[in-house]
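Source file: upload11.txt; contents: compact mmCIF, N, CA and C atoms.
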```txt
# COMPACT_ATOMS: atom_id res chain seq x y z
N GLN A 592 53.59 3.69 169.61
CA GLN A 592 53.48 5.07 170.09
C GLN A 592 53.64 5.99 168.88
N LEU A 593 52.68 6.89 168.72
CA LEU A 593 52.70 7.82 167.60
C LEU A 593 53.42 9.09 168.01
N LYS A 594 54.46 9.45 167.29
CA LYS A 594 55.13 10.68 167.65
C LYS A 594 55.96 11.21 166.49
N PHE A 595 56.28 12.51 166.62
CA PHE A 595 57.23 13.17 165.74
C PHE A 595 58.49 13.48 166.53
N THR A 596 59.60 13.44 165.84
CA THR A 596 60.85 13.87 166.44
C THR A 596 61.47 14.92 165.53
N GLU A 597 61.58 16.14 166.05
CA GLU A 597 62.20 17.22 165.30
C GLU A 597 63.69 17.26 165.57
N SER A 598 64.44 17.71 164.58
CA SER A 598 65.89 17.86 164.74
C SER A 598 66.37 18.95 163.80
N GLY A 599 67.60 19.37 164.03
CA GLY A 599 68.23 20.35 163.15
C GLY A 599 68.31 21.75 163.72
N GLY A 600 67.67 21.98 164.85
CA GLY A 600 67.76 23.30 165.45
C GLY A 600 69.17 23.58 165.95
N ALA A 601 69.55 24.86 165.92
CA ALA A 601 70.90 25.24 166.32
C ALA A 601 70.98 26.74 166.52
N LEU A 602 72.15 27.17 166.96
CA LEU A 602 72.48 28.59 167.02
C LEU A 602 73.08 28.98 165.66
N VAL A 603 72.53 30.01 165.04
CA VAL A 603 73.00 30.41 163.72
C VAL A 603 73.05 31.94 163.66
N GLN A 604 73.96 32.46 162.87
CA GLN A 604 74.07 33.91 162.73
C GLN A 604 72.99 34.46 161.82
N PRO A 605 72.62 35.71 161.99
CA PRO A 605 71.66 36.32 161.06
C PRO A 605 72.14 36.19 159.62
N GLY A 606 71.21 35.88 158.74
CA GLY A 606 71.54 35.64 157.35
C GLY A 606 71.88 34.21 157.04
N GLY A 607 72.02 33.39 158.05
CA GLY A 607 72.37 31.99 157.85
C GLY A 607 71.19 31.12 157.50
N SER A 608 71.45 29.83 157.36
CA SER A 608 70.43 28.85 156.97
C SER A 608 70.45 27.65 157.89
N LEU A 609 69.31 27.02 158.01
CA LEU A 609 69.17 25.76 158.72
C LEU A 609 68.14 24.91 158.00
N ARG A 610 68.27 23.61 158.14
CA ARG A 610 67.22 22.71 157.67
C ARG A 610 66.75 21.87 158.85
N LEU A 611 65.49 22.02 159.17
CA LEU A 611 64.88 21.22 160.22
C LEU A 611 64.26 19.97 159.62
N SER A 612 64.32 18.89 160.39
CA SER A 612 63.69 17.64 159.99
C SER A 612 62.65 17.23 161.02
N CYS A 613 61.63 16.56 160.56
CA CYS A 613 60.54 16.10 161.41
C CYS A 613 60.26 14.66 161.01
N ALA A 614 60.72 13.72 161.81
CA ALA A 614 60.59 12.31 161.50
C ALA A 614 59.44 11.70 162.30
N ALA A 615 58.54 11.02 161.60
CA ALA A 615 57.40 10.39 162.27
C ALA A 615 57.73 8.94 162.60
N SER A 616 57.22 8.48 163.72
CA SER A 616 57.35 7.07 164.09
C SER A 616 56.03 6.59 164.66
N GLY A 617 55.75 5.33 164.44
CA GLY A 617 54.51 4.76 164.93
C GLY A 617 53.33 4.96 164.02
N PHE A 618 53.50 5.76 162.95
CA PHE A 618 52.43 5.94 161.98
C PHE A 618 53.05 6.46 160.68
N SER A 619 52.29 6.36 159.61
CA SER A 619 52.73 6.88 158.32
C SER A 619 52.13 8.26 158.10
N ILE A 620 52.94 9.17 157.60
CA ILE A 620 52.46 10.53 157.36
C ILE A 620 51.76 10.67 156.01
N ARG A 621 51.71 9.58 155.23
CA ARG A 621 51.22 9.67 153.86
C ARG A 621 49.84 10.30 153.73
N ALA A 622 48.99 10.06 154.72
CA ALA A 622 47.62 10.54 154.62
C ALA A 622 47.40 11.87 155.34
N TYR A 623 48.48 12.45 155.85
CA TYR A 623 48.35 13.63 156.70
C TYR A 623 48.98 14.88 156.09
N ALA A 624 48.31 15.99 156.32
CA ALA A 624 48.97 17.27 156.15
C ALA A 624 49.91 17.46 157.34
N VAL A 625 51.02 18.11 157.10
CA VAL A 625 51.99 18.34 158.18
C VAL A 625 52.36 19.81 158.19
N GLY A 626 52.37 20.37 159.37
CA GLY A 626 52.71 21.77 159.52
C GLY A 626 53.89 21.97 160.45
N TRP A 627 54.56 23.09 160.24
CA TRP A 627 55.60 23.56 161.16
C TRP A 627 55.05 24.77 161.90
N PHE A 628 55.28 24.77 163.20
CA PHE A 628 54.84 25.86 164.06
C PHE A 628 56.02 26.29 164.92
N ARG A 629 55.94 27.48 165.47
CA ARG A 629 57.03 27.94 166.33
C ARG A 629 56.47 28.74 167.50
N GLN A 630 57.23 28.73 168.57
CA GLN A 630 56.85 29.50 169.73
C GLN A 630 58.09 30.16 170.32
N ALA A 631 58.09 31.47 170.30
CA ALA A 631 59.19 32.23 170.87
C ALA A 631 58.90 32.46 172.35
N PRO A 632 59.93 32.69 173.15
CA PRO A 632 59.73 32.94 174.59
C PRO A 632 58.76 34.08 174.83
N GLY A 633 57.74 33.81 175.65
CA GLY A 633 56.79 34.84 175.99
C GLY A 633 55.76 35.15 174.93
N LYS A 634 55.75 34.38 173.85
CA LYS A 634 54.80 34.63 172.76
C LYS A 634 53.94 33.41 172.51
N ALA A 635 52.83 33.64 171.84
CA ALA A 635 51.94 32.54 171.48
C ALA A 635 52.54 31.73 170.34
N ARG A 636 52.12 30.49 170.26
CA ARG A 636 52.55 29.65 169.15
C ARG A 636 51.95 30.17 167.84
N GLU A 637 52.74 30.11 166.78
CA GLU A 637 52.27 30.59 165.49
C GLU A 637 52.61 29.58 164.41
N GLY A 638 51.77 29.53 163.39
CA GLY A 638 52.02 28.66 162.27
C GLY A 638 53.07 29.25 161.35
N VAL A 639 53.90 28.41 160.81
CA VAL A 639 54.98 28.83 159.92
C VAL A 639 54.73 28.34 158.50
N ALA A 640 54.46 27.05 158.37
CA ALA A 640 54.27 26.46 157.04
C ALA A 640 53.44 25.20 157.17
N CYS A 641 52.82 24.83 156.08
CA CYS A 641 52.03 23.60 156.07
C CYS A 641 52.07 23.00 154.68
N ILE A 642 52.08 21.66 154.61
CA ILE A 642 52.15 20.98 153.32
C ILE A 642 51.06 19.92 153.27
N ARG A 643 50.37 19.88 152.14
CA ARG A 643 49.30 18.92 151.96
C ARG A 643 49.85 17.51 151.94
N PHE A 644 48.98 16.50 152.12
CA PHE A 644 49.44 15.13 152.29
C PHE A 644 50.29 14.63 151.13
N ASN A 645 49.97 15.10 149.91
CA ASN A 645 50.74 14.60 148.76
C ASN A 645 51.80 15.60 148.30
N GLY A 646 51.95 16.68 149.03
CA GLY A 646 53.01 17.63 148.73
C GLY A 646 52.72 18.60 147.61
N ASP A 647 51.50 18.58 147.08
CA ASP A 647 51.25 19.42 145.90
C ASP A 647 50.88 20.85 146.26
N THR A 648 50.64 21.11 147.52
CA THR A 648 50.25 22.46 147.95
C THR A 648 50.97 22.79 149.24
N THR A 649 51.52 23.99 149.30
CA THR A 649 52.18 24.46 150.51
C THR A 649 51.64 25.84 150.88
N HIS A 650 51.72 26.14 152.15
CA HIS A 650 51.26 27.43 152.67
C HIS A 650 52.30 27.97 153.63
N TYR A 651 52.43 29.28 153.67
CA TYR A 651 53.41 29.92 154.54
C TYR A 651 52.81 31.15 155.21
N SER A 652 53.31 31.44 156.39
CA SER A 652 52.93 32.70 157.02
C SER A 652 53.71 33.82 156.34
N ASP A 653 53.18 35.02 156.40
CA ASP A 653 53.82 36.14 155.73
C ASP A 653 55.26 36.40 156.20
N PRO A 654 55.56 36.30 157.50
CA PRO A 654 56.93 36.60 157.93
C PRO A 654 58.01 35.68 157.34
N VAL A 655 57.62 34.49 156.90
CA VAL A 655 58.63 33.55 156.40
C VAL A 655 58.53 33.30 154.91
N LYS A 656 57.49 33.85 154.30
CA LYS A 656 57.29 33.61 152.87
C LYS A 656 58.49 34.10 152.07
N GLY A 657 58.97 33.26 151.18
CA GLY A 657 60.14 33.60 150.38
C GLY A 657 61.46 33.24 151.02
N ARG A 658 61.44 32.91 152.30
CA ARG A 658 62.68 32.53 152.99
C ARG A 658 62.67 31.07 153.42
N PHE A 659 61.50 30.55 153.77
CA PHE A 659 61.37 29.17 154.25
C PHE A 659 60.71 28.31 153.17
N THR A 660 61.09 27.03 153.14
CA THR A 660 60.48 26.08 152.22
C THR A 660 60.17 24.79 152.97
N ILE A 661 58.92 24.37 152.91
CA ILE A 661 58.53 23.10 153.50
C ILE A 661 58.49 22.04 152.42
N SER A 662 58.93 20.84 152.75
CA SER A 662 58.90 19.73 151.79
C SER A 662 58.70 18.43 152.58
N ARG A 663 58.40 17.39 151.85
CA ARG A 663 58.19 16.12 152.52
C ARG A 663 58.70 14.97 151.67
N ASP A 664 59.11 13.91 152.34
CA ASP A 664 59.52 12.67 151.70
C ASP A 664 58.71 11.57 152.38
N ASN A 665 57.60 11.21 151.78
CA ASN A 665 56.73 10.22 152.42
C ASN A 665 57.40 8.86 152.55
N ALA A 666 58.29 8.55 151.65
CA ALA A 666 59.00 7.26 151.74
C ALA A 666 59.88 7.20 152.97
N LYS A 667 60.40 8.36 153.38
CA LYS A 667 61.22 8.43 154.59
C LYS A 667 60.41 8.83 155.81
N ASN A 668 59.11 9.06 155.60
CA ASN A 668 58.23 9.44 156.71
C ASN A 668 58.74 10.71 157.40
N THR A 669 59.21 11.65 156.61
CA THR A 669 59.87 12.83 157.15
C THR A 669 59.43 14.08 156.41
N VAL A 670 59.30 15.17 157.16
CA VAL A 670 59.00 16.48 156.59
C VAL A 670 60.15 17.42 156.96
N TYR A 671 60.46 18.34 156.06
CA TYR A 671 61.59 19.23 156.25
C TYR A 671 61.14 20.69 156.23
N LEU A 672 61.95 21.52 156.85
CA LEU A 672 61.76 22.97 156.75
C LEU A 672 63.12 23.59 156.49
N GLN A 673 63.31 24.04 155.25
CA GLN A 673 64.53 24.75 154.89
C GLN A 673 64.34 26.21 155.22
N MET A 674 65.22 26.74 156.04
CA MET A 674 65.11 28.13 156.49
C MET A 674 66.33 28.91 156.03
N ASN A 675 66.12 29.90 155.21
CA ASN A 675 67.19 30.74 154.70
C ASN A 675 67.02 32.18 155.16
N SER A 676 68.08 32.95 155.04
CA SER A 676 68.04 34.37 155.40
C SER A 676 67.44 34.58 156.79
N LEU A 677 67.94 33.82 157.73
CA LEU A 677 67.37 33.86 159.07
C LEU A 677 67.61 35.21 159.73
N ILE A 678 66.63 35.61 160.51
CA ILE A 678 66.70 36.87 161.26
C ILE A 678 66.44 36.58 162.73
N ALA A 679 66.73 37.55 163.58
CA ALA A 679 66.57 37.34 165.02
C ALA A 679 65.14 36.97 165.39
N GLU A 680 64.19 37.51 164.65
CA GLU A 680 62.77 37.24 164.93
C GLU A 680 62.37 35.79 164.65
N ASP A 681 63.24 35.04 164.01
CA ASP A 681 62.96 33.62 163.78
C ASP A 681 63.34 32.75 164.98
N THR A 682 63.96 33.35 165.97
CA THR A 682 64.33 32.60 167.16
C THR A 682 63.09 32.06 167.86
N ALA A 683 63.05 30.74 168.04
CA ALA A 683 61.88 30.10 168.64
C ALA A 683 62.14 28.60 168.77
N ASN A 684 61.24 27.94 169.46
CA ASN A 684 61.20 26.49 169.45
C ASN A 684 60.27 26.08 168.31
N TYR A 685 60.75 25.22 167.44
CA TYR A 685 60.00 24.84 166.24
C TYR A 685 59.43 23.44 166.42
N PHE A 686 58.14 23.31 166.14
CA PHE A 686 57.41 22.06 166.29
C PHE A 686 56.84 21.64 164.94
N CYS A 687 56.68 20.34 164.75
CA CYS A 687 55.89 19.88 163.62
C CYS A 687 54.65 19.15 164.15
N ALA A 688 53.65 19.10 163.34
CA ALA A 688 52.39 18.49 163.73
C ALA A 688 51.67 17.97 162.50
N ALA A 689 50.86 16.94 162.68
CA ALA A 689 50.13 16.32 161.57
C ALA A 689 48.64 16.38 161.82
N GLY A 690 47.91 16.58 160.76
CA GLY A 690 46.46 16.60 160.83
C GLY A 690 45.85 16.24 159.49
N GLY A 691 44.53 16.30 159.43
CA GLY A 691 43.86 15.90 158.21
C GLY A 691 44.07 16.85 157.05
N MET A 692 44.20 18.13 157.35
CA MET A 692 44.38 19.12 156.30
C MET A 692 45.06 20.35 156.87
N CYS A 693 45.61 21.15 155.95
CA CYS A 693 46.15 22.45 156.37
C CYS A 693 44.98 23.42 156.53
N VAL A 694 44.90 24.05 157.65
CA VAL A 694 43.91 25.10 157.89
C VAL A 694 44.65 26.43 157.86
N VAL A 695 44.29 27.26 156.93
CA VAL A 695 45.05 28.50 156.69
C VAL A 695 44.11 29.69 156.72
N THR A 696 44.51 30.71 157.45
CA THR A 696 43.78 31.97 157.47
C THR A 696 44.72 33.07 156.98
N ARG A 697 44.26 34.31 157.05
CA ARG A 697 45.14 35.39 156.62
C ARG A 697 46.32 35.55 157.56
N ASP A 698 46.24 34.91 158.73
CA ASP A 698 47.36 34.92 159.66
C ASP A 698 48.33 33.76 159.41
N GLY A 699 48.04 32.95 158.42
CA GLY A 699 48.91 31.84 158.08
C GLY A 699 48.37 30.50 158.53
N PRO A 700 49.17 29.45 158.48
CA PRO A 700 48.72 28.12 158.89
C PRO A 700 48.30 28.11 160.36
N GLN A 701 47.23 27.40 160.64
CA GLN A 701 46.69 27.31 162.00
C GLN A 701 46.86 25.90 162.54
N ASP A 702 46.85 25.81 163.87
CA ASP A 702 47.05 24.48 164.48
C ASP A 702 45.74 23.73 164.69
N TYR A 703 44.64 24.29 164.21
CA TYR A 703 43.35 23.62 164.34
C TYR A 703 43.39 22.28 163.62
N GLY A 704 43.02 21.23 164.32
CA GLY A 704 42.95 19.92 163.71
C GLY A 704 44.26 19.18 163.65
N MET A 705 45.32 19.77 164.15
CA MET A 705 46.61 19.08 164.18
C MET A 705 46.62 18.16 165.41
N ASP A 706 46.68 16.87 165.16
CA ASP A 706 46.49 15.90 166.23
C ASP A 706 47.78 15.37 166.84
N TYR A 707 48.82 15.26 166.03
CA TYR A 707 50.06 14.66 166.50
C TYR A 707 51.16 15.72 166.50
N TRP A 708 51.84 15.83 167.62
CA TRP A 708 52.84 16.88 167.80
C TRP A 708 54.16 16.31 168.26
N GLY A 709 55.24 16.97 167.84
CA GLY A 709 56.55 16.66 168.37
C GLY A 709 56.85 17.56 169.56
N GLU A 710 58.05 17.40 170.11
CA GLU A 710 58.44 18.18 171.29
C GLU A 710 59.23 19.42 170.94
N GLY A 711 59.61 19.55 169.70
CA GLY A 711 60.25 20.77 169.24
C GLY A 711 61.76 20.69 169.19
N THR A 712 62.31 21.62 168.40
CA THR A 712 63.76 21.78 168.30
C THR A 712 64.03 23.29 168.33
N PRO A 713 65.01 23.72 169.14
CA PRO A 713 65.22 25.16 169.32
C PRO A 713 66.10 25.76 168.22
N VAL A 714 65.68 26.91 167.76
CA VAL A 714 66.45 27.69 166.80
C VAL A 714 66.74 29.05 167.42
N THR A 715 68.02 29.40 167.42
CA THR A 715 68.44 30.71 167.93
C THR A 715 69.22 31.43 166.85
N VAL A 716 68.74 32.61 166.51
CA VAL A 716 69.42 33.42 165.50
C VAL A 716 70.04 34.61 166.21
N SER A 717 71.35 34.61 166.26
CA SER A 717 72.05 35.65 167.01
C SER A 717 73.49 35.75 166.55
N SER A 718 74.02 36.96 166.61
CA SER A 718 75.43 37.15 166.27
C SER A 718 76.29 37.11 167.54
```
Take the structure I supplied and represent it as structure tokens, if you would.
Amino acid sequence: QLKFTESGGALVQPGGSLRLSCAASGFSIRAYAVGWFRQAPGKAREGVACIRFNGDTTHYSDPVKGRFTISRDNAKNTVYLQMNSLIAEDTANYFCAAGGMCVVTRDGPQDYGMDYWGEGTPVTVSS
């Protein structure tokens, strides 16, 4: 069974940090681009970050640029999202997904072509 399992979501105060993990099982992520996406209550899903299969290129949406960092450890079959300087607007369910390449527009990473998805991990930023 091919799947991702996200973890690391939590309740955090504004200005705090979290590191999300996305562990793949049933397949190797080595050949895949992996993206992080989020969906806040009542809002559409949006792309947050994406990393190329070999990690040499990363993309971010404007709202998180400079605060979030995506990375990957192919040996551990895991992708990470380090989130710093969190704000209330970052509150959402965060998903990871894998596809052949990162598709990026001026609106940031897109979910087009992302074939494998996790079930998400919730992040709440609140005092």
#### Entry: Within 6.5 Å of region 667-670 of chain A using all atoms listed in the file, minus same-chain residues under 6 positions, as a list in words
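So, after excluding close chain neighbours, the residues are Leu611, Ser612, Cys613, Ala614, Ala615, Ser619 and Ile620 of chain A.
Between Gly646 (chain A) and the candidates A:Ala688, A:Ala624, A:Ala683, A:Ala631, the tightest atom-to-atom separation, counting all atoms listed in the file, involves A:Ala624.
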### Task
Point out the residue among A:Gln592, A:Thr660, A:Ser718, A:Gln630 with the least atom-to-atom distance to Ala679 (chain A), counting all atoms listed in the file.
A:Ser718
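With only C-alpha atoms as the atoms that count, the minimum distance from Val694 (chain A) to the choices A:Tyr651, A:Phe618, A:Tyr671, A:Trp708 is reached by A:Tyr651.
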### Task
For each of A:Tyr707, A:Phe659, A:Trp627, A:Tyr685, take the minimum atom-to-atom distance to Ser598 (chain A), counting all atoms listed in the file, then give the residue where this is smallest.
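The answer is A:Tyr685, which sits nearest to Ser598 (chain A).
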Can I get region 680-702 of chain A with N, CA, C and O atoms filled in, as a short mmCIF file (atom, residue, chain, number, x, y, z; two decimals), keeping the file's coordinate frame?
```
data_model
loop_
_atom_site.label_atom_id
_atom_site.label_comp_id
_atom_site.auth_asym_id
_atom_site.auth_seq_id
_atom_site.Cartn_x
_atom_site.Cartn_y
_atom_site.Cartn_z
N GLU A 680 64.19 37.51 164.65
CA GLU A 680 62.77 37.24 164.93
C GLU A 680 62.37 35.79 164.65
O GLU A 680 61.28 35.37 165.03
N ASP A 681 63.24 35.04 164.01
CA ASP A 681 62.96 33.62 163.78
C ASP A 681 63.34 32.75 164.98
O ASP A 681 63.07 31.55 164.98
N THR A 682 63.96 33.35 165.97
CA THR A 682 64.33 32.60 167.16
C THR A 682 63.09 32.06 167.86
O THR A 682 62.19 32.81 168.21
N ALA A 683 63.05 30.74 168.04
CA ALA A 683 61.88 30.10 168.64
C ALA A 683 62.14 28.60 168.77
O ALA A 683 63.12 28.09 168.21
N ASN A 684 61.24 27.94 169.46
CA ASN A 684 61.20 26.49 169.45
C ASN A 684 60.27 26.08 168.31
O ASN A 684 59.14 26.58 168.22
N TYR A 685 60.75 25.22 167.44
CA TYR A 685 60.00 24.84 166.24
C TYR A 685 59.43 23.44 166.42
O TYR A 685 60.16 22.50 166.77
N PHE A 686 58.14 23.31 166.14
CA PHE A 686 57.41 22.06 166.29
C PHE A 686 56.84 21.64 164.94
O PHE A 686 56.48 22.48 164.13
N CYS A 687 56.68 20.34 164.75
CA CYS A 687 55.89 19.88 163.62
C CYS A 687 54.65 19.15 164.15
O CYS A 687 54.63 18.67 165.30
N ALA A 688 53.65 19.10 163.34
CA ALA A 688 52.39 18.49 163.73
C ALA A 688 51.67 17.97 162.50
O ALA A 688 51.84 18.51 161.40
N ALA A 689 50.86 16.94 162.68
CA ALA A 689 50.13 16.32 161.57
C ALA A 689 48.64 16.38 161.82
O ALA A 689 48.17 16.25 162.96
N GLY A 690 47.91 16.58 160.76
CA GLY A 690 46.46 16.60 160.83
C GLY A 690 45.85 16.24 159.49
O GLY A 690 46.55 15.95 158.54
N GLY A 691 44.53 16.30 159.43
CA GLY A 691 43.86 15.90 158.21
C GLY A 691 44.07 16.85 157.05
O GLY A 691 44.08 16.45 155.89
N MET A 692 44.20 18.13 157.35
CA MET A 692 44.38 19.12 156.30
C MET A 692 45.06 20.35 156.87
O MET A 692 45.09 20.55 158.07
N CYS A 693 45.61 21.15 155.95
CA CYS A 693 46.15 22.45 156.37
C CYS A 693 44.98 23.42 156.53
O CYS A 693 44.17 23.58 155.60
N VAL A 694 44.90 24.05 157.65
CA VAL A 694 43.91 25.10 157.89
C VAL A 694 44.65 26.43 157.86
O VAL A 694 45.55 26.66 158.67
N VAL A 695 44.29 27.26 156.93
CA VAL A 695 45.05 28.50 156.69
C VAL A 695 44.11 29.69 156.72
O VAL A 695 43.06 29.67 156.08
N THR A 696 44.51 30.71 157.45
CA THR A 696 43.78 31.97 157.47
C THR A 696 44.72 33.07 156.98
O THR A 696 45.87 32.80 156.61
N ARG A 697 44.26 34.31 157.05
CA ARG A 697 45.14 35.39 156.62
C ARG A 697 46.32 35.55 157.56
O ARG A 697 47.29 36.24 157.22
N ASP A 698 46.24 34.91 158.73
CA ASP A 698 47.36 34.92 159.66
C ASP A 698 48.33 33.76 159.41
O ASP A 698 49.31 33.60 160.14
N GLY A 699 48.04 32.95 158.42
CA GLY A 699 48.91 31.84 158.08
C GLY A 699 48.37 30.50 158.53
O GLY A 699 47.20 30.39 158.92
N PRO A 700 49.17 29.45 158.48
CA PRO A 700 48.72 28.12 158.89
C PRO A 700 48.30 28.11 160.36
O PRO A 700 48.95 28.73 161.20
N GLN A 701 47.23 27.40 160.64
CA GLN A 701 46.69 27.31 162.00
C GLN A 701 46.86 25.90 162.54
O GLN A 701 46.98 24.95 161.78
N ASP A 702 46.85 25.81 163.87
CA ASP A 702 47.05 24.48 164.48
C ASP A 702 45.74 23.73 164.69
O ASP A 702 45.75 22.63 165.23
#
```
